[in-house]
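Colleague: For reference, the file structure.txt (compact mmCIF, C-alpha atoms) is included below:
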```txt
# COMPACT_ATOMS: atom_id res chain seq x y z
CA PHE A 1 0.00 0.00 0.00
CA LEU A 2 3.05 2.24 -0.22
CA PRO A 3 3.95 3.57 -3.68
CA PRO A 4 6.30 1.01 -5.28
CA GLY A 5 8.84 3.68 -6.25
CA PHE A 6 9.03 4.96 -2.70
CA ARG A 7 9.08 1.43 -1.29
CA ASN A 8 12.00 0.30 -3.44
CA SER A 9 14.01 3.49 -2.98
CA TYR A 10 13.46 3.43 0.79
CA ALA A 11 14.46 -0.22 1.07
CA ALA A 12 17.58 0.40 -1.02
CA GLU A 13 18.75 3.27 1.19
CA ILE A 14 17.95 1.81 4.60
CA ALA A 15 19.24 -1.73 4.06
CA PRO A 16 22.89 -2.73 4.54
CA VAL A 17 24.58 -3.59 1.25
CA HIS A 18 24.73 -7.34 1.98
CA LEU A 19 20.98 -7.44 2.71
CA ARG A 20 19.70 -5.00 0.10
CA GLY A 21 18.62 -7.59 -2.44
CA THR A 22 16.88 -9.68 0.20
CA LEU A 23 14.99 -6.74 1.70
CA VAL A 24 13.78 -5.48 -1.66
CA ALA A 25 12.77 -9.05 -2.59
CA VAL A 26 10.74 -9.27 0.63
CA CYS A 27 8.51 -6.54 -0.83
CA GLU A 28 7.71 -8.95 -3.66
CA VAL A 29 6.89 -11.62 -1.08
CA ALA A 30 4.45 -9.27 0.64
CA ILE A 31 2.74 -8.46 -2.68
CA ASN A 32 2.32 -12.13 -3.49
CA PHE A 33 1.01 -12.91 -0.04
CA GLY A 34 -1.62 -10.23 -0.64
CA ILE A 35 -2.57 -11.86 -3.96
CA PHE A 36 -2.83 -15.29 -2.32
CA ALA A 37 -4.84 -13.87 0.59
CA GLY A 38 -7.19 -12.21 -1.90
CA TYR A 39 -7.82 -15.54 -3.63
CA VAL A 40 -8.52 -17.24 -0.30
CA MET A 41 -10.83 -14.42 0.75
CA ALA A 42 -12.73 -14.78 -2.52
CA ALA A 43 -13.24 -18.48 -1.85
CA LEU A 44 -14.41 -17.88 1.73
CA LEU A 45 -16.85 -15.14 0.77
CA ALA A 46 -18.17 -16.75 -2.40
CA PRO A 47 -21.84 -17.79 -2.47
CA PRO A 48 -23.47 -19.56 -0.69
CA SER A 49 -21.37 -18.21 2.22
CA LEU A 50 -22.64 -14.72 1.46
CA SER A 51 -25.00 -13.33 -1.13
CA VAL A 52 -23.55 -12.10 -4.42
CA GLY A 53 -24.38 -8.49 -3.57
CA LEU A 54 -22.74 -8.66 -0.14
CA SER A 55 -19.64 -10.81 -0.77
CA TRP A 56 -17.74 -8.34 -2.96
CA ARG A 57 -18.58 -5.46 -0.62
CA VAL A 58 -17.14 -7.33 2.37
CA MET A 59 -14.02 -8.22 0.36
CA VAL A 60 -13.39 -4.60 -0.62
CA GLY A 61 -14.17 -3.38 2.91
CA VAL A 62 -11.73 -5.78 4.59
CA ALA A 63 -8.94 -4.43 2.38
CA VAL A 64 -9.20 -1.09 4.22
CA LEU A 65 -7.56 -2.66 7.28
CA VAL A 66 -4.13 -2.97 5.66
CA PRO A 67 -3.64 0.68 4.55
CA ALA A 68 -5.06 1.75 7.93
CA ALA A 69 -2.32 -0.28 9.65
CA VAL A 70 0.31 1.30 7.38
CA LEU A 71 -0.90 4.79 8.28
CA LEU A 72 -0.67 3.96 11.99
CA CYS A 73 2.94 2.79 11.53
CA MET A 74 4.06 5.85 9.55
CA PRO A 75 5.02 7.96 12.62
CA VAL A 76 7.59 5.35 13.71
CA ILE A 77 9.15 4.81 10.27
CA PRO A 78 12.51 6.66 10.30
CA GLU A 79 14.18 8.64 7.57
CA THR A 80 16.91 6.65 5.85
CA PRO A 81 20.41 7.07 7.32
CA ARG A 82 21.83 7.87 3.90
CA TRP A 83 19.39 10.72 3.34
CA LEU A 84 20.03 12.11 6.83
CA ALA A 85 23.81 11.96 6.35
CA ALA A 86 23.56 13.67 2.95
CA ASN A 87 21.49 16.49 4.46
CA GLY A 88 23.60 17.34 7.49
CA GLY A 89 22.05 14.88 9.91
CA ALA A 90 24.95 12.54 10.66
CA ALA A 91 24.05 12.33 14.36
CA GLN A 92 20.43 11.42 13.52
CA ALA A 93 21.68 8.87 10.97
CA GLU A 94 23.67 7.15 13.72
CA LEU A 95 20.60 7.04 15.97
CA VAL A 96 18.57 5.39 13.20
CA LEU A 97 21.34 2.86 12.57
CA ASP A 98 21.53 2.15 16.30
CA ARG A 99 17.83 1.24 16.22
CA LEU A 100 18.22 -0.88 13.10
CA PHE A 101 21.24 -2.79 14.44
CA MET A 102 19.77 -3.02 17.96
CA GLY A 103 22.67 -1.34 19.70
CA ASP A 104 25.52 -3.13 17.87
CA ALA A 105 28.11 -0.33 18.00
CA LEU A 106 30.54 -2.05 15.62
CA ALA A 107 27.88 -2.63 12.96
CA VAL A 108 26.71 0.98 13.32
CA HIS A 109 30.26 2.28 12.91
CA GLN A 110 30.94 0.12 9.84
CA GLU A 111 27.66 1.07 8.15
CA MET A 112 28.23 4.75 8.94
CA GLU A 113 31.64 4.58 7.29
CA VAL A 114 30.07 3.12 4.14
CA ILE A 115 27.38 5.82 4.11
CA ASP A 116 29.94 8.62 4.66
CA GLN A 117 32.02 7.29 1.76
CA ILE A 118 29.01 7.13 -0.57
CA VAL A 119 27.83 10.60 0.42
CA SER A 120 31.34 12.05 -0.06
CA GLU A 121 31.62 10.48 -3.52
CA GLU A 122 28.21 11.80 -4.54
CA GLU A 123 28.99 15.29 -3.23
CA GLY A 124 32.29 15.30 -5.14
CA LYS A 125 30.55 14.37 -8.35
CA ALA A 126 27.89 17.00 -7.76
CA GLU A 127 30.54 19.69 -7.29
CA ARG A 128 32.29 18.75 -10.51
CA LYS A 129 29.05 18.58 -12.47
CA PRO A 130 25.69 19.38 -10.90
CA SER A 131 23.25 16.79 -12.11
CA GLY A 132 20.53 14.46 -11.03
CA GLY A 133 17.66 16.05 -12.98
CA TRP A 134 15.42 14.45 -15.56
CA GLY A 135 17.77 15.50 -18.34
CA GLU A 136 20.44 13.08 -17.15
CA ILE A 137 17.90 10.25 -17.35
CA LEU A 138 15.95 11.12 -20.49
CA TRP A 139 19.01 12.30 -22.49
CA PRO A 140 21.99 10.61 -20.83
CA ARG A 141 25.33 11.69 -22.24
CA LYS A 142 27.49 9.23 -20.36
CA ALA A 143 27.70 5.69 -21.70
CA LYS A 144 27.75 4.35 -18.14
CA ILE A 145 24.37 5.95 -17.33
CA ARG A 146 22.93 4.67 -20.63
CA ARG A 147 23.99 1.12 -19.79
CA MET A 148 22.46 1.42 -16.32
CA LEU A 149 19.16 2.62 -17.78
CA MET A 150 19.17 -0.10 -20.45
CA ALA A 151 19.57 -2.75 -17.75
CA GLY A 152 17.17 -1.28 -15.20
CA LEU A 153 14.44 -0.19 -17.63
CA GLY A 154 14.89 -3.32 -19.75
CA VAL A 155 14.13 -5.60 -16.82
CA ALA A 156 11.18 -3.40 -15.80
CA ILE A 157 9.77 -3.69 -19.33
CA LEU A 158 10.34 -7.43 -19.68
CA GLN A 159 8.79 -8.11 -16.27
CA GLN A 160 5.39 -6.97 -17.54
CA ALA A 161 5.77 -7.75 -21.25
CA CYS A 162 5.56 -11.45 -20.39
CA GLY A 163 2.00 -10.82 -19.17
CA SER A 164 2.54 -11.89 -15.56
CA GLU A 165 -0.02 -9.57 -13.99
CA ALA A 166 -2.59 -10.16 -16.72
CA ILE A 167 -2.31 -13.88 -16.01
CA VAL A 168 -2.86 -13.17 -12.29
CA TYR A 169 -5.98 -11.12 -13.07
CA TYR A 170 -7.47 -13.61 -15.51
CA THR A 171 -6.34 -16.95 -14.04
CA PRO A 172 -9.94 -18.28 -13.68
CA PHE A 173 -10.66 -17.47 -17.34
CA ILE A 174 -7.46 -19.18 -18.46
CA LEU A 175 -8.47 -22.22 -16.43
CA ALA A 176 -11.95 -22.17 -17.94
CA ASP A 177 -10.43 -22.04 -21.43
CA ALA A 178 -8.30 -25.06 -20.46
CA GLY A 179 -11.42 -27.03 -19.57
CA VAL A 180 -11.45 -26.64 -15.78
CA LYS A 181 -15.05 -26.56 -14.54
CA GLY A 182 -16.41 -23.50 -12.74
CA GLY A 183 -19.57 -22.65 -10.85
CA LYS A 184 -23.16 -22.65 -11.98
CA ASP A 185 -24.19 -20.75 -15.09
CA GLY A 186 -20.56 -20.18 -16.08
CA ALA A 187 -19.71 -18.24 -12.91
CA ILE A 188 -16.24 -18.44 -11.38
CA GLY A 189 -16.19 -21.09 -8.68
CA GLY A 190 -15.72 -24.77 -8.03
CA ALA A 191 -12.47 -26.24 -9.34
CA GLN A 192 -11.54 -22.95 -11.05
CA LEU A 193 -11.50 -21.12 -7.74
CA TYR A 194 -9.50 -23.79 -5.92
CA TRP A 195 -6.92 -24.06 -8.71
CA THR A 196 -6.64 -20.28 -8.74
CA ILE A 197 -5.74 -20.46 -5.04
CA ALA A 198 -3.16 -23.14 -5.88
CA VAL A 199 -1.61 -20.90 -8.53
CA GLY A 200 -1.53 -17.99 -6.06
CA PHE A 201 0.12 -20.15 -3.41
CA THR A 202 2.75 -21.33 -5.90
CA LYS A 203 3.54 -17.71 -6.75
CA PHE A 204 3.80 -16.71 -3.09
CA ALA A 205 5.89 -19.74 -2.07
CA SER A 206 8.31 -19.19 -4.97
CA ALA A 207 8.75 -15.52 -4.07
CA LEU A 208 9.44 -16.52 -0.46
CA PHE A 209 12.01 -19.09 -1.57
CA ALA A 210 13.70 -16.56 -3.86
CA SER A 211 13.97 -13.97 -1.08
CA PHE A 212 16.20 -16.35 0.92
CA ASN A 213 18.45 -17.20 -2.02
CA ILE A 214 18.64 -14.15 -4.28
CA GLU A 215 21.87 -12.94 -2.65
CA GLU A 216 23.57 -16.28 -3.36
CA TRP A 217 22.39 -16.86 -6.92
CA GLY A 218 23.55 -13.58 -8.41
CA ARG A 219 21.47 -11.18 -10.46
CA ARG A 220 22.49 -12.24 -13.97
CA ALA A 221 22.06 -15.97 -13.35
CA SER A 222 18.67 -15.43 -11.68
CA PHE A 223 17.45 -13.27 -14.55
CA GLY A 224 18.65 -15.65 -17.26
CA ILE A 225 17.23 -18.79 -15.65
CA SER A 226 13.93 -17.10 -14.77
CA THR A 227 13.48 -15.69 -18.28
CA PHE A 228 14.24 -19.00 -20.00
CA PHE A 229 11.90 -21.11 -17.89
CA SER A 230 9.15 -18.47 -17.88
CA GLY A 231 9.21 -18.48 -21.67
CA LEU A 232 9.22 -22.28 -21.73
CA ALA A 233 6.24 -22.39 -19.35
CA LEU A 234 4.26 -19.90 -21.46
CA LEU A 235 4.96 -21.89 -24.62
CA THR A 236 3.80 -25.09 -22.92
CA LEU A 237 0.69 -23.32 -21.61
CA ALA A 238 -0.17 -22.07 -25.10
CA LEU A 239 0.17 -25.54 -26.60
CA ALA A 240 -1.85 -27.07 -23.77
CA GLN A 241 -4.63 -24.54 -24.36
CA LEU A 242 -4.53 -25.25 -28.07
CA TYR A 243 -4.91 -29.01 -27.66
CA GLY A 244 -7.22 -28.96 -24.62
CA ALA A 245 -4.76 -30.59 -22.21
CA SER A 246 -6.14 -29.14 -18.97
CA ARG A 247 -3.72 -30.89 -16.61
CA VAL A 248 -0.71 -29.75 -18.62
CA ALA A 249 -2.16 -26.22 -18.66
CA LEU A 250 -2.50 -26.23 -14.87
CA ALA A 251 1.05 -27.48 -14.40
CA SER A 252 2.38 -24.91 -16.89
CA LEU A 253 0.55 -22.09 -15.14
CA CYS A 254 2.04 -23.02 -11.77
CA PHE A 255 5.46 -23.54 -13.35
CA PHE A 256 5.32 -20.09 -14.96
CA MET A 257 4.49 -18.43 -11.64
CA ALA A 258 7.37 -20.23 -9.95
CA ALA A 259 9.89 -19.39 -12.68
CA PHE A 260 8.76 -15.76 -12.80
CA GLU A 261 9.17 -15.25 -9.06
CA LEU A 262 12.65 -16.77 -9.00
CA GLY A 263 14.06 -13.86 -10.98
CA LEU A 264 11.87 -11.63 -13.12
CA GLY A 265 9.52 -10.81 -10.24
CA PRO A 266 11.94 -9.31 -7.70
CA LEU A 267 14.79 -8.28 -10.02
CA ALA A 268 13.09 -5.22 -11.51
CA ALA A 269 13.11 -3.63 -8.06
CA VAL A 270 16.40 -5.13 -6.89
CA LEU A 271 18.41 -4.06 -9.94
CA GLY A 272 16.98 -0.56 -9.87
CA SER A 273 17.86 -0.15 -6.21
CA GLU A 274 21.46 -1.27 -6.80
CA ILE A 275 22.72 -0.01 -10.15
CA TYR A 276 21.66 3.65 -10.13
CA PRO A 277 23.75 6.28 -8.34
CA THR A 278 22.00 8.04 -5.48
CA ARG A 279 21.58 11.34 -7.32
CA ILE A 280 19.36 9.80 -10.03
CA ARG A 281 17.99 6.72 -8.26
CA ALA A 282 14.58 8.11 -7.27
CA ARG A 283 13.83 9.49 -10.74
CA ALA A 284 15.18 6.43 -12.55
CA LEU A 285 13.10 4.12 -10.36
CA ALA A 286 10.06 6.33 -10.95
CA LEU A 287 10.56 6.18 -14.73
CA GLY A 288 10.98 2.40 -14.61
CA LEU A 289 7.84 2.09 -12.51
CA PHE A 290 5.88 4.32 -14.89
CA ILE A 291 6.88 2.25 -17.92
CA ASN A 292 6.25 -0.94 -15.96
CA ARG A 293 2.71 0.16 -15.04
CA VAL A 294 1.88 1.33 -18.56
CA ILE A 295 2.86 -2.04 -20.01
CA SER A 296 1.01 -3.87 -17.23
CA GLY A 297 -2.16 -1.87 -17.88
CA SER A 298 -1.89 -2.38 -21.63
CA MET A 299 -1.38 -6.14 -21.32
CA SER A 300 -4.27 -6.44 -18.86
CA THR A 301 -6.57 -4.38 -21.11
CA PHE A 302 -5.95 -6.42 -24.25
CA PHE A 303 -5.65 -9.83 -22.56
CA PRO A 304 -9.42 -10.59 -22.62
CA PHE A 305 -9.43 -9.88 -26.35
CA LEU A 306 -6.50 -12.29 -26.84
CA LEU A 307 -8.46 -15.00 -25.01
CA THR A 308 -11.19 -14.80 -27.65
CA ILE A 309 -8.83 -15.37 -30.56
```
What is this structure when it is put down as structure tokens?

Modeller:
Amino acid sequence: FLPPGFRNSYAAEIAPVHLRGTLVAVCEVAINFGIFAGYVMAALLAPPSLSVGLSWRVMVGVAVLVPAAVLLCMPVIPETPRWLAANGGAAQAELVLDRLFMGDALAVHQEMEVIDQIVSEEEGKAERKPSGGWGEILWPRKAKIRRMLMAGLGVAILQQACGSEAIVYYTPFILADAGVKGGKDGAIGGAQLYWTIAVGFTKFASALFASFNIEEWGRRASFGISTFFSGLALLTLALAQLYGASRVALASLCFFMAAFELGLGPLAAVLGSEIYPTRIRARALALGLFINRVISGSMSTFFPFLLTI
């Protein structure tokens, strides 16, 4: 319920370097837990548990609890130590680090040294050439910045171009097209609903597994493996739909969710939080998020039309 750009930038600045990838990946775990919980809630509230007119209202109303909890926690969420140090608040940065490391003076000292070094490097670059505006991102002159943007924006584009969120939205319809039986009069329910929960659980469990291992696998290997097997799963799903092999379609759908979450899912946020220099990170992440959301919305809008072909 926090803006993704803020969430990723905040996690990147507050996390120690050796935990940055894991912490950003945990955001992906939380998102997938929300998706899975939504599927379960839909099953619990589906008729005959509640009437059709009441069930969706209860589902939407319950969702208010989560942003309300976030708002209650906002007063105790600290500014990031890096931002405080860069804006003349070194003493406050140390206090925040002391809270994060639970009084471990050595860890606080080591992290503060890293932050001071980063801030000094950024200030030196800013003195030599003031930058950090949109011009440096939209019309980058340096080859290094162009390569960073190609990597960061490329992953953000590919993450949604594969149709991951559209598949999440329309899982019951994909299952119906594969021959999985639904409720009465063609309504979503029955086996469709339970298999949708299974797909959501697979996605959540894979994201959780990836969050514990993403630091060990490496970014390039995770991205390559995830992309290859996601493409293979989508190809298998398409063939299964074409020939009416419902069991193969179900397995392919779960396999795609697992492969996606092992790399493509978290890496768009992780890479963006790591490769951009501090002076352009917020804007570069915002641009990547904007492109990511535009592609996601476009894929989700045209997906129902593709199902009719």

Colleague: Give me, please, the distance in Å between atom CA of Leu237 of chain A and atom CA of Ala249 of chain A, quoted to one decimal.

Modeller: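 Spanning atom CA of Leu237 of chain A to atom CA of Ala249 of chain A is a straight-line distance of 5.0 Å.
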
Colleague: Taking 5 positions as the minimum chain separation for residues in the same chain, which residues sit within 12 Å of Val114 of chain A when counting all atoms listed in the file? Answer as an mmCIF file with C-alpha atoms, keeping the file's coordinate frame.

Modeller:
```cif
data_model
loop_
_atom_site.group_PDB
_atom_site.id
_atom_site.type_symbol
_atom_site.label_atom_id
_atom_site.label_comp_id
_atom_site.auth_asym_id
_atom_site.auth_seq_id
_atom_site.Cartn_x
_atom_site.Cartn_y
_atom_site.Cartn_z
ATOM 1 C CA GLU A 13 18.750 3.270 1.190
ATOM 2 C CA ALA A 15 19.240 -1.730 4.060
ATOM 3 C CA PRO A 16 22.890 -2.730 4.540
ATOM 4 C CA VAL A 17 24.580 -3.590 1.250
ATOM 5 C CA HIS A 18 24.730 -7.340 1.980
ATOM 6 C CA PRO A 81 20.410 7.070 7.320
ATOM 7 C CA ARG A 82 21.830 7.870 3.900
ATOM 8 C CA ALA A 85 23.810 11.960 6.350
ATOM 9 C CA ALA A 107 27.880 -2.630 12.960
ATOM 10 C CA VAL A 108 26.710 0.980 13.320
ATOM 11 C CA HIS A 109 30.260 2.280 12.910
ATOM 12 C CA VAL A 119 27.830 10.600 0.420
ATOM 13 C CA SER A 120 31.340 12.050 -0.060
ATOM 14 C CA GLU A 121 31.620 10.480 -3.520
#
```

Colleague: One number please: atom CA of Ile295 of chain A to atom CA of Ala268 of chain A, in Å, one decimal.

Modeller: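 Separating atom CA of Ile295 of chain A from atom CA of Ala268 of chain A is a distance of 13.7 Å.
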
Colleague: Pull the neighbourhood of (-13.7, -27.4, -10.2) for me: all residues within 6 Å in file coordinates, counting all atoms listed in the file, as a short mmCIF file (atom, residue, chain, number, x, y, z; two decimals) with C-alpha atoms, keeping the file's coordinate frame.

Modeller:
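Saved to result-v9.cif:
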```
data_model
loop_
_atom_site.label_atom_id
_atom_site.label_comp_id
_atom_site.auth_asym_id
_atom_site.auth_seq_id
_atom_site.Cartn_x
_atom_site.Cartn_y
_atom_site.Cartn_z
CA LYS A 181 -15.05 -26.56 -14.54
CA GLY A 182 -16.41 -23.50 -12.74
CA GLY A 190 -15.72 -24.77 -8.03
CA ALA A 191 -12.47 -26.24 -9.34
CA GLN A 192 -11.54 -22.95 -11.05
#
```

Colleague: Could the residues of segment 79-190 of chain A that have an atom at most 12 Å from segment 22-37 of chain A be listed as a Markdown table, each with its closest atom pair and the distance in Å to one decimal, counting only C-alpha atoms and ordered by chain and ascending residue number?

Modeller:
```
| residue | atom | partner | partner_atom | distance |
| --- | --- | --- | --- | --- |
| A:Glu165 | CA | A:Ile35 | CA | 10.6 |
| A:Val168 | CA | A:Ile35 | CA | 8.4 |
| A:Tyr169 | CA | A:Ile35 | CA | 9.8 |
| A:Thr171 | CA | A:Ile35 | CA | 11.9 |
```

Colleague: Need to verify the contact set: segment 195-203 of chain A, 10 Å, only C-alpha atoms, exclusion of same-chain residues closer than 3 positions in sequence. Can you return it as an mmCIF file with C-alpha atoms, in the coordinates of the input?

Modeller:
```cif
data_model
loop_
_atom_site.group_PDB
_atom_site.id
_atom_site.type_symbol
_atom_site.label_atom_id
_atom_site.label_comp_id
_atom_site.auth_asym_id
_atom_site.auth_seq_id
_atom_site.Cartn_x
_atom_site.Cartn_y
_atom_site.Cartn_z
ATOM 1 C CA VAL A 29 6.890 -11.620 -1.080
ATOM 2 C CA ASN A 32 2.320 -12.130 -3.490
ATOM 3 C CA PHE A 33 1.010 -12.910 -0.040
ATOM 4 C CA GLY A 34 -1.620 -10.230 -0.640
ATOM 5 C CA ILE A 35 -2.570 -11.860 -3.960
ATOM 6 C CA PHE A 36 -2.830 -15.290 -2.320
ATOM 7 C CA ALA A 37 -4.840 -13.870 0.590
ATOM 8 C CA GLY A 38 -7.190 -12.210 -1.900
ATOM 9 C CA TYR A 39 -7.820 -15.540 -3.630
ATOM 10 C CA VAL A 40 -8.520 -17.240 -0.300
ATOM 11 C CA MET A 41 -10.830 -14.420 0.750
ATOM 12 C CA ALA A 42 -12.730 -14.780 -2.520
ATOM 13 C CA ALA A 43 -13.240 -18.480 -1.850
ATOM 14 C CA VAL A 168 -2.860 -13.170 -12.290
ATOM 15 C CA TYR A 170 -7.470 -13.610 -15.510
ATOM 16 C CA THR A 171 -6.340 -16.950 -14.040
ATOM 17 C CA PRO A 172 -9.940 -18.280 -13.680
ATOM 18 C CA PHE A 173 -10.660 -17.470 -17.340
ATOM 19 C CA ILE A 174 -7.460 -19.180 -18.460
ATOM 20 C CA LEU A 175 -8.470 -22.220 -16.430
ATOM 21 C CA VAL A 180 -11.450 -26.640 -15.780
ATOM 22 C CA GLY A 189 -16.190 -21.090 -8.680
ATOM 23 C CA GLY A 190 -15.720 -24.770 -8.030
ATOM 24 C CA ALA A 191 -12.470 -26.240 -9.340
ATOM 25 C CA GLN A 192 -11.540 -22.950 -11.050
ATOM 26 C CA SER A 206 8.310 -19.190 -4.970
ATOM 27 C CA ALA A 207 8.750 -15.520 -4.070
ATOM 28 C CA LEU A 208 9.440 -16.520 -0.460
ATOM 29 C CA LEU A 250 -2.500 -26.230 -14.870
ATOM 30 C CA ALA A 251 1.050 -27.480 -14.400
ATOM 31 C CA LEU A 253 0.550 -22.090 -15.140
ATOM 32 C CA CYS A 254 2.040 -23.020 -11.770
ATOM 33 C CA PHE A 255 5.460 -23.540 -13.350
ATOM 34 C CA PHE A 256 5.320 -20.090 -14.960
ATOM 35 C CA MET A 257 4.490 -18.430 -11.640
ATOM 36 C CA ALA A 258 7.370 -20.230 -9.950
ATOM 37 C CA ALA A 259 9.890 -19.390 -12.680
ATOM 38 C CA PHE A 260 8.760 -15.760 -12.800
ATOM 39 C CA GLU A 261 9.170 -15.250 -9.060
ATOM 40 C CA LEU A 262 12.650 -16.770 -9.000
ATOM 41 C CA GLY A 265 9.520 -10.810 -10.240
#
```
